[in-house]
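S.K.: Got a structure for you, target-v3.cif, holding mmCIF, C-alpha atoms and all ligand atoms.
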data_entry
#
loop_
_atom_site.label_atom_id
_atom_site.label_comp_id
_atom_site.auth_asym_id
_atom_site.auth_seq_id
_atom_site.Cartn_x
_atom_site.Cartn_y
_atom_site.Cartn_z
CA MET B 27 18.98 148.34 93.68
CA SER B 28 16.21 150.22 91.87
CA GLU B 29 17.36 153.54 90.43
CA LEU B 30 16.18 156.65 88.60
CA HIS B 31 18.57 158.75 86.52
CA LYS B 32 17.85 162.19 85.07
CA PHE B 33 19.95 163.92 82.45
CA LEU B 34 20.03 166.87 80.08
CA PHE B 35 21.60 167.18 76.67
CA ASP B 36 24.06 170.02 77.09
CA GLY B 37 22.85 173.18 75.35
CA LEU B 38 19.92 171.42 73.67
CA PRO B 39 16.22 171.63 74.54
CA VAL B 40 16.06 167.92 75.36
CA ARG B 41 15.88 166.06 78.66
CA GLY B 42 15.87 162.40 79.54
CA MET B 43 15.19 159.94 82.31
CA LEU B 44 16.00 156.30 82.79
CA VAL B 45 14.45 154.07 85.42
CA ARG B 46 15.42 150.54 86.38
CA LEU B 47 13.23 148.80 88.93
CA THR B 48 14.91 145.68 90.30
CA ASP B 49 14.18 144.97 94.00
CA ALA B 50 11.08 147.21 93.88
CA TRP B 51 9.78 145.09 90.99
CA THR B 52 10.69 141.63 92.29
CA ASP B 53 9.08 142.60 95.61
CA ILE B 54 5.77 143.28 93.83
CA LEU B 55 6.02 139.99 91.92
CA ALA B 56 6.91 137.98 95.05
CA ARG B 57 3.90 139.34 96.94
CA ARG B 58 1.61 138.31 94.10
CA ALA B 59 3.22 134.87 93.81
CA GLY B 60 2.69 134.45 97.57
CA ASN B 61 -1.03 135.16 97.25
CA THR B 62 -2.60 131.69 97.26
CA ALA B 63 -5.91 133.08 95.97
CA THR B 64 -4.37 134.40 92.74
CA GLY B 65 -0.97 132.78 92.21
CA PRO B 66 1.72 134.57 90.16
CA TYR B 67 1.00 136.80 87.16
CA PRO B 68 0.97 135.15 83.73
CA ALA B 69 4.04 136.36 81.77
CA PRO B 70 2.16 138.79 79.45
CA VAL B 71 0.46 140.48 82.44
CA ARG B 72 3.78 140.67 84.27
CA GLU B 73 5.25 142.45 81.26
CA LEU B 74 2.35 144.92 81.04
CA LEU B 75 2.35 145.69 84.76
CA GLY B 76 6.15 146.10 84.85
CA GLU B 77 6.00 148.53 81.95
CA MET B 78 3.23 150.42 83.73
CA ALA B 79 5.29 150.63 86.92
CA ALA B 80 8.35 151.94 85.05
CA ALA B 81 6.23 154.42 83.06
CA ALA B 82 4.47 155.67 86.19
CA VAL B 83 7.83 156.40 87.87
CA LEU B 84 8.96 158.34 84.79
CA MET B 85 5.71 160.31 84.56
CA GLN B 86 5.67 161.09 88.28
CA SER B 87 9.29 162.29 88.12
CA ASN B 88 8.60 164.40 85.06
CA ILE B 89 6.14 166.74 86.77
CA LYS B 90 6.22 169.03 89.77
CA PHE B 91 3.41 167.56 91.81
CA ASN B 92 2.93 166.48 95.41
CA GLY B 93 0.70 163.44 95.52
CA ALA B 94 0.05 160.11 93.83
CA LEU B 95 0.30 159.50 90.11
CA VAL B 96 -1.96 156.56 89.30
CA LEU B 97 -1.67 154.85 85.94
CA GLN B 98 -4.59 152.51 85.24
CA VAL B 99 -5.64 150.31 82.36
CA PHE B 100 -9.31 149.34 82.36
CA GLY B 101 -9.62 146.26 80.18
CA ASP B 102 -12.49 144.51 78.41
CA GLY B 103 -10.55 141.22 78.13
CA PRO B 104 -9.24 138.86 80.81
CA VAL B 105 -7.29 141.67 82.47
CA LYS B 106 -10.01 143.84 83.98
CA LEU B 107 -7.77 146.33 85.72
CA ALA B 108 -4.05 147.00 85.96
CA VAL B 109 -2.81 149.74 88.32
CA ALA B 110 0.58 151.27 89.04
CA GLU B 111 0.70 154.03 91.65
CA VAL B 112 3.75 156.17 92.40
CA GLN B 113 4.01 158.75 95.19
CA SER B 114 6.13 161.92 94.94
CA ASP B 115 8.81 160.25 97.07
CA LEU B 116 8.96 157.45 94.44
CA SER B 117 7.44 154.76 96.65
CA LEU B 118 5.26 152.63 94.43
CA ARG B 119 2.84 149.74 94.25
CA ALA B 120 1.09 147.87 91.45
CA THR B 121 -1.52 145.18 90.95
CA ALA B 122 -3.69 143.60 88.27
CA THR B 123 -7.10 141.95 88.41
CA ILE B 124 -7.45 138.98 86.08
CA ILE B 125 -10.69 137.15 85.40
CA GLY B 126 -10.30 134.28 82.97
CA GLU B 127 -7.39 132.89 81.00
CA VAL B 128 -4.46 134.93 79.67
CA GLN B 129 -2.85 132.95 76.84
CA ASP B 130 0.92 132.63 76.57
CA GLY B 131 2.24 135.37 74.32
CA ALA B 132 -1.01 137.38 74.56
CA ARG B 133 -0.67 140.86 73.07
CA LEU B 134 -1.92 144.03 74.73
CA SER B 135 -5.20 144.04 72.78
CA GLN B 136 -5.88 140.39 73.65
CA MET B 137 -5.51 141.18 77.35
CA VAL B 138 -7.29 144.52 77.70
CA ASN B 139 -8.81 145.65 74.40
CA VAL B 140 -10.63 142.69 72.87
CA GLY B 141 -13.77 144.59 71.91
CA GLY B 142 -12.09 148.01 71.54
CA GLY B 143 -13.39 149.14 74.94
CA GLY B 144 -10.05 149.27 76.77
CA ARG B 145 -9.00 152.58 78.32
CA CYS B 146 -5.90 154.00 79.93
CA ALA B 147 -6.33 156.59 82.68
CA ILE B 148 -3.75 158.84 84.30
CA THR B 149 -4.82 160.31 87.62
CA LEU B 150 -3.03 162.96 89.67
CA ASP B 151 -4.29 162.78 93.22
CA PRO B 152 -2.88 165.65 95.33
CA LYS B 153 -1.56 164.77 98.76
CA ASP B 154 -3.49 167.49 100.54
CA ARG B 155 -6.72 167.32 98.62
CA LEU B 156 -9.37 169.73 99.84
CA PRO B 157 -12.79 168.32 100.74
CA GLY B 158 -14.84 167.98 97.56
CA GLN B 159 -11.81 168.55 95.32
CA GLN B 160 -11.62 165.97 92.56
CA PRO B 161 -8.29 164.54 91.45
CA TYR B 162 -7.27 165.37 87.87
CA GLN B 163 -7.84 162.49 85.48
CA GLY B 164 -7.05 162.08 81.78
CA VAL B 165 -8.38 159.10 79.85
CA VAL B 166 -7.22 157.81 76.47
CA PRO B 167 -8.41 154.88 74.35
CA LEU B 168 -6.03 152.07 73.40
CA HIS B 169 -6.13 152.78 69.69
CA GLY B 170 -4.29 155.13 67.36
CA ASP B 171 -5.49 157.86 65.02
CA GLN B 172 -6.64 155.33 62.39
CA HIS B 173 -8.52 153.36 65.05
CA GLU B 174 -5.90 150.63 64.89
CA LYS B 175 -5.50 148.79 68.19
CA LEU B 176 -2.20 149.75 69.83
CA GLU B 177 -0.09 146.81 70.98
CA ARG B 178 2.50 148.72 73.00
CA LEU B 179 1.78 150.59 76.18
CA SER B 180 4.56 153.03 75.24
CA ASP B 181 2.60 154.06 72.12
CA VAL B 182 -0.52 154.71 74.21
CA LEU B 183 1.41 156.86 76.69
CA GLN B 184 3.47 158.72 74.07
CA HIS B 185 0.23 159.69 72.42
CA TYR B 186 -1.20 160.83 75.73
CA MET B 187 1.84 162.90 76.64
CA LEU B 188 1.96 164.56 73.23
CA GLN B 189 -1.69 165.52 73.58
CA SER B 190 -1.67 166.64 77.19
CA GLU B 191 1.71 168.37 77.33
CA GLN B 192 2.15 169.31 73.67
CA LEU B 193 5.72 168.07 73.97
CA ASP B 194 7.34 165.49 71.71
CA THR B 195 8.10 162.42 73.78
CA VAL B 196 9.75 159.08 73.19
CA LEU B 197 9.10 156.33 75.68
CA VAL B 198 10.77 152.91 75.60
CA LEU B 199 9.54 150.35 78.13
CA ALA B 200 10.36 146.74 78.95
CA ALA B 201 9.84 144.27 81.80
CA ASP B 202 10.57 140.66 82.64
CA ASP B 203 10.60 138.70 85.90
CA LYS B 204 13.65 140.57 87.29
CA VAL B 205 13.65 144.09 85.87
CA ALA B 206 11.08 146.71 84.86
CA ALA B 207 12.75 149.57 83.01
CA GLY B 208 11.98 152.64 80.97
CA LEU B 209 13.65 155.45 79.02
CA LEU B 210 11.94 158.77 78.47
CA ILE B 211 13.24 161.45 76.12
CA GLN B 212 11.34 164.69 75.89
CA ARG B 213 11.67 168.03 74.19
CA MET B 214 11.72 170.69 76.86
CA PRO B 215 8.94 173.27 77.00
CA LEU B 216 9.79 176.70 75.62
CA LYS B 217 8.46 178.30 78.77
CA GLY B 218 7.74 176.90 82.21
CA GLU B 219 7.34 173.30 83.16
CA GLY B 220 5.79 170.44 81.29
CA ASN B 221 2.29 169.89 82.60
CA LEU B 222 0.64 166.48 82.44
CA ALA B 223 -2.68 167.98 83.41
CA GLY B 224 -2.57 170.13 80.29
CA THR B 225 -4.06 173.10 82.07
CA LEU B 226 -1.72 175.72 80.65
CA SER B 227 -1.81 177.13 77.16
CA HIS B 228 0.75 175.34 75.02
CA SER B 229 0.22 176.83 71.61
CA GLU B 230 3.87 177.81 71.29
CA ASN B 231 4.98 174.35 72.33
CA GLU B 232 2.48 172.83 69.95
CA ASP B 233 3.96 174.80 67.07
CA GLN B 234 7.29 173.14 67.76
CA ILE B 235 6.05 169.54 67.58
CA GLY B 236 8.23 167.52 65.24
CA ARG B 237 10.29 170.56 64.23
CA ASN B 238 13.26 170.54 66.53
CA GLU B 239 16.15 168.85 64.75
CA ASP B 240 18.19 168.22 67.89
CA TYR B 241 15.23 166.54 69.52
CA ASN B 242 14.48 164.52 66.39
CA ARG B 243 18.07 163.22 66.21
CA ILE B 244 18.10 162.22 69.90
CA ALA B 245 14.60 160.72 69.70
CA HIS B 246 15.73 158.62 66.76
CA LEU B 247 18.68 157.31 68.79
CA ALA B 248 16.42 156.58 71.77
CA SER B 249 13.96 154.67 69.59
CA SER B 250 16.73 152.31 68.51
CA LEU B 251 17.04 150.99 72.08
CA THR B 252 16.04 147.33 72.16
CA ARG B 253 14.11 145.53 74.88
CA GLU B 254 17.12 143.31 75.50
CA GLU B 255 19.46 146.30 75.98
CA LEU B 256 17.04 148.11 78.25
CA LEU B 257 16.61 145.06 80.48
CA THR B 258 20.23 143.91 80.68
CA LEU B 259 22.62 146.87 80.33
CA ASP B 260 23.67 148.97 83.31
CA VAL B 261 22.77 152.65 83.08
CA ASP B 262 26.26 153.98 82.24
CA THR B 263 26.77 151.47 79.44
CA LEU B 264 23.31 152.05 78.04
CA LEU B 265 23.61 155.85 77.93
CA ARG B 266 27.11 155.66 76.45
CA ARG B 267 26.01 153.22 73.77
CA LEU B 268 22.94 155.23 72.76
CA PHE B 269 24.24 158.80 73.04
CA TRP B 270 28.02 158.52 72.62
CA GLU B 271 28.11 161.51 70.26
CA GLU B 272 26.04 163.71 72.56
CA SER B 273 27.14 165.68 75.61
CA LEU B 274 25.11 164.61 78.63
CA LEU B 275 24.72 166.48 81.92
CA ARG B 276 23.73 163.91 84.51
CA PHE B 277 22.10 164.48 87.87
CA GLU B 278 22.72 162.52 91.02
CA PRO B 279 20.71 159.29 90.67
CA ARG B 280 17.88 158.55 93.08
CA GLN B 281 18.25 155.11 94.57
CA GLY B 282 17.91 153.20 97.83
CA ALA B 283 15.71 154.91 100.41
CA ASP B 284 15.49 157.99 98.13
CA GLY B 285 14.78 155.97 94.98
CA PRO B 286 11.92 153.93 93.55
CA ARG B 287 10.87 151.27 96.10
CA PHE B 288 7.85 149.21 96.97
CA ALA B 289 5.52 150.54 99.67
CA CYS B 290 1.82 150.04 100.25
CA THR B 291 -0.44 152.75 101.59
CA CYS B 292 -3.17 150.41 102.79
CA SER B 293 -4.32 150.52 106.42
CA ARG B 294 -7.06 149.12 108.64
CA GLU B 295 -8.65 152.56 108.65
CA ARG B 296 -8.80 152.73 104.84
CA VAL B 297 -10.23 149.21 104.61
CA GLY B 298 -12.83 150.23 107.21
CA ARG B 299 -13.83 153.20 105.02
CA MET B 300 -14.11 150.88 102.02
CA LEU B 301 -16.45 148.62 104.03
CA GLN B 302 -18.52 151.64 105.06
CA SER B 303 -18.96 152.54 101.41
CA LEU B 304 -20.23 148.99 100.73
CA GLY B 305 -23.10 149.65 103.11
CA THR B 306 -24.60 147.96 106.16
CA ASP B 307 -26.66 145.39 104.23
CA GLU B 308 -23.68 144.01 102.32
CA ALA B 309 -21.53 143.88 105.46
CA GLU B 310 -24.27 142.17 107.47
CA SER B 311 -24.85 139.54 104.83
CA ILE B 312 -21.13 138.68 104.79
CA LEU B 313 -21.11 138.55 108.61
CA ALA B 314 -24.18 136.28 108.64
CA GLU B 315 -22.54 133.95 106.16
CA GLN B 316 -18.96 133.87 107.46
CA GLY B 317 -19.03 135.26 111.00
CA HIS B 318 -16.43 137.88 110.10
CA ILE B 319 -15.31 140.02 107.17
CA GLU B 320 -11.88 139.28 105.77
CA VAL B 321 -10.40 141.83 103.38
CA GLY B 322 -7.12 141.34 101.53
CA CYS B 323 -5.08 144.19 100.02
CA GLU B 324 -4.37 143.25 96.43
CA PHE B 325 -1.26 145.42 96.33
CA CYS B 326 0.67 143.94 99.24
CA GLY B 327 -1.28 140.88 100.38
CA GLN B 328 -2.00 142.21 103.89
CA GLN B 329 -5.16 140.65 105.38
CA TYR B 330 -7.60 142.66 107.50
CA ARG B 331 -10.22 140.89 109.59
CA PHE B 332 -13.35 142.56 111.00
CA ASP B 333 -15.57 140.64 113.40
CA ALA B 334 -19.19 141.56 114.20
CA VAL B 335 -18.14 144.01 116.91
CA ASP B 336 -15.62 145.76 114.62
CA ALA B 337 -18.25 145.99 111.88
CA ALA B 338 -20.85 147.41 114.25
CA GLY B 339 -18.32 150.08 115.20
CA LEU B 340 -17.85 151.01 111.55
CA PHE B 341 -21.52 151.52 110.90
CA THR B 342 -22.33 153.61 113.95
CA ALA B 343 -20.16 156.37 112.48
CA ALA B 344 -21.44 158.34 109.48
CA PRO B 345 -20.54 156.63 106.20
CA VAL B 346 -17.70 158.18 104.25
CA VAL B 347 -17.71 158.12 100.47
CA GLN B 348 -14.46 156.67 99.24
CA PRO B 349 -13.18 156.15 95.69
CA PRO B 350 -13.12 152.46 94.73
CA ALA B 351 -9.94 150.66 95.73
CA PRO B 352 -8.85 147.24 94.54
CA PHE B 353 -9.45 145.34 97.74
CA SER B 354 -10.94 141.88 97.52
CA LEU B 355 -13.39 140.41 99.95
CA HIS B 356 -12.85 136.83 101.03
ZN ZN Q 1 -1.52 146.97 100.99
#
Before anything else, please render the file you have as structure tokens.

M.R.:
Amino acid sequence: MSELHKFLFDGLPVRGMLVRLTDAWTDILARRAGNTATGPYPAPVRELLGEMAAAAVLMQSNIKFNGALVLQVFGDGPVKLAVAEVQSDLSLRATATIIGEVQDGARLSQMVNVGGGGRCAITLDPKDRLPGQQPYQGVVPLHGDQHEKLERLSDVLQHYMLQSEQLDTVLVLAADDKVAAGLLIQRMPLKGEGNLAGTLSHSENEDQIGRNEDYNRIAHLASSLTREELLTLDVDTLLRRLFWEESLLRFEPRQGADGPRFACTCSRERVGRMLQSLGTDEAESILAEQGHIEVGCEFCGQQYRFDAVDAAGLFTAAPVVQPPAPFSLH
């Protein structure tokens, strides 16, 4: 069962979270494997997408926000787009668009940052967005301060969180074909909540970066966690092994119906809006060629079919502008 655990270090300004996606993750992989148009993910993409899913759960849980947290990597290599989306209730979905060959053992830069043009975007899309209101989005490149290409997603996100929240953060991520997991350790803000959108003044927090000895000690312990341990150890064993000298206050874990789980938010209505945004000409040319329009959701595999009558109905209503969604036309 997929699970999310939160904990505090007693009396210290440090908090932590550990996520293990099991059924939620294998569900996502099974849907992709069942898609005859794409087939299963190559292993390096599976690892990247699993790490993104785990990271997105941790980032969503780390903020007070009602809506979707969308973690995206826009690539300039064979992986054009990788998306993990987590709602406030921890339901999640993920997909990747691959064009071309992903070599066995491909590193992050070989998948998404071949020419240095890869980007990672974090979007907070409020549930009750007002008309005209734009979702918050932060974008970071996939290289470090010396312009070196980063090869770990965790390094990209740690950098982002340090910049946007002004809080020291350690993130350890790992994924294989059964588990996608992540550990987050963060220094707590001096005042108020951490804020991914970075809209508050954080000068006092900024002054503390790297200076808190308790945080530094715990961060050092967290960084020693290996991929193997993160993927195979149960939560109690893992926390005991890493932090056996520390006093942990643990919260009730979120699991099952209350925990991280796969769910897709696609619907016939949303697909219809996507077709409207394509325009009449495009829709008519597909209809002329194929007699109907077939749209598949890349997150869950659901197929939506629109015949000429359905399509005519769509285009008699006023077109609605919709942000691009990874649906594929067949
Ligand atoms: Zn779907």

S.K.: Restricting the calculation to only C-alpha atoms, which member of B:Arg243, B:Arg46, B:Arg280, B:His169 is positioned closest to Ile211 (chain B)?

M.R.: B:Arg243

S.K.: Around ligand ZN 1 (chain Q), at most 9 Å away and counting all atoms listed in the file, which residues are there? Put them as a PDB file with C-alpha atoms, in the coordinates of the input, please.

M.R.:
ATOM      1  CA  ARG B 119       2.840 149.740  94.250  1.00  0.00           C
ATOM      2  CA  ALA B 289       5.520 150.540  99.670  1.00  0.00           C
ATOM      3  CA  CYS B 290       1.820 150.040 100.250  1.00  0.00           C
ATOM      4  CA  THR B 291      -0.440 152.750 101.590  1.00  0.00           C
ATOM      5  CA  CYS B 292      -3.170 150.410 102.790  1.00  0.00           C
ATOM      6  CA  SER B 293      -4.320 150.520 106.420  1.00  0.00           C
ATOM      7  CA  GLY B 322      -7.120 141.340 101.530  1.00  0.00           C
ATOM      8  CA  CYS B 323      -5.080 144.190 100.020  1.00  0.00           C
ATOM      9  CA  GLU B 324      -4.370 143.250  96.430  1.00  0.00           C
ATOM     10  CA  PHE B 325      -1.260 145.420  96.330  1.00  0.00           C
ATOM     11  CA  CYS B 326       0.670 143.940  99.240  1.00  0.00           C
ATOM     12  CA  GLY B 327      -1.280 140.880 100.380  1.00  0.00           C
ATOM     13  CA  GLN B 328      -2.000 142.210 103.890  1.00  0.00           C
ATOM     14  CA  GLN B 329      -5.160 140.650 105.380  1.00  0.00           C
ATOM     15  CA  PHE B 353      -9.450 145.340  97.740  1.00  0.00           C
TER      16      PHE B 353
END

S.K.: So how far away is CA of Tyr162 (chain B) from CA of Val99 (chain B), in Å?

M.R.: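 Between CA of Val99 (chain B) and CA of Tyr162 (chain B) the gap works out to 16.1 Å.
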
S.K.: Give me the residues near Asn139 (chain B) as a list in words, where near means some atom within 6 Å (using only C-alpha atoms) and where sequence neighbours in that chain fewer than 3 positions away do not count.

M.R.: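 Once the adjacent positions are removed, what remains is Gly101, Asp102, Ser135, Gly142, Gly143 and Gly144 of chain B.
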
S.K.: Would you mind exporting the chosen residues as an mmCIF file, in the coordinates of the input, restricted to C-alpha atoms?

M.R.:
data_model
loop_
_atom_site.group_PDB
_atom_site.id
_atom_site.type_symbol
_atom_site.label_atom_id
_atom_site.label_comp_id
_atom_site.auth_asym_id
_atom_site.auth_seq_id
_atom_site.Cartn_x
_atom_site.Cartn_y
_atom_site.Cartn_z
ATOM 1 C CA GLY B 101 -9.620 146.260 80.180
ATOM 2 C CA ASP B 102 -12.490 144.510 78.410
ATOM 3 C CA SER B 135 -5.200 144.040 72.780
ATOM 4 C CA GLY B 142 -12.090 148.010 71.540
ATOM 5 C CA GLY B 143 -13.390 149.140 74.940
ATOM 6 C CA GLY B 144 -10.050 149.270 76.770
#

S.K.: With a distance cut-off of 10 Å and only C-alpha atoms, select the neighbouring residues of Ala69 (chain B), excluding the residue or stretch itself and same-chain residues fewer than 2 positions from it, and output the selection as a list of chain:residue names.

M.R.: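 The residues satisfying every condition are B:Pro66, B:Tyr67, B:Val71, B:Arg72, B:Glu73, B:Leu74, B:Leu75, B:Val128, B:Gln129, B:Asp130, B:Gly131, B:Ala132, B:Ala201, B:Asp202, B:Asp203.
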
S.K.: To one decimal in Å, tell me the separation between CA of Leu84 (chain B) and CA of Lys175 (chain B).

M.R.: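 Taking CA of Leu84 (chain B) and CA of Lys175 (chain B), their separation equals 24.0 Å.
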
S.K.: Using CA of Phe100 (chain B) and CA of Cys146 (chain B) as the two end points, give the distance in Å to one decimal.

M.R.: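 Atom-to-atom, CA of Phe100 (chain B) to CA of Cys146 (chain B), that is 6.3 Å.
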
S.K.: Compare B:Val166, B:Leu95, B:Ala59, B:Met187 by their minimum atom-to-atom distance to Pro152 (chain B), counting all atoms listed in the file, and give me the closest one.

M.R.: B:Leu95

S.K.: Determine the nearest neighbour of Ser180 (chain B) from the options B:Leu118, B:Leu55, B:Leu340, B:Ala81, counting all atoms listed in the file.

M.R.: B:Ala81

S.K.: Using only C-alpha atoms, find the one residue out of B:Gln281, B:Thr258, B:Gln192, B:Asn242 that sits nearest to Lys204 (chain B).

M.R.: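 Of all the options, B:Thr258 lies closest to Lys204 (chain B).
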
S.K.: Which residue, B:Glu111, B:Asp181, B:Asp171, B:Glu127, has the smallest gap to Thr149 (chain B) when you use only C-alpha atoms?

M.R.: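 The closest residue to Thr149 (chain B) is B:Glu111.
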
S.K.: Counting only C-alpha atoms, figure out which residue out of B:Gly65, B:Gly236, B:Gly76, B:Gly170 gets nearest to Thr48 (chain B).

M.R.: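 Closest to Thr48 (chain B), using only C-alpha atoms: B:Gly76.
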
S.K.: Which polymer residues, protein or nucleic acid, are no farther than 9 Å from (8.9, 152.8, 96.3), counting only C-alpha atoms, as a ChimeraX atom specification?

M.R.: /B:28,50,112-113,115-119,283-290

S.K.: Report as a VMD selection string all protein, DNA and RNA residues lying within 8 Å of Arg133 (chain B), evaluated on all atoms listed in the file, omitting residues in the same chain fewer than 4 positions from it.

M.R.: chain B and resid 70 137 177
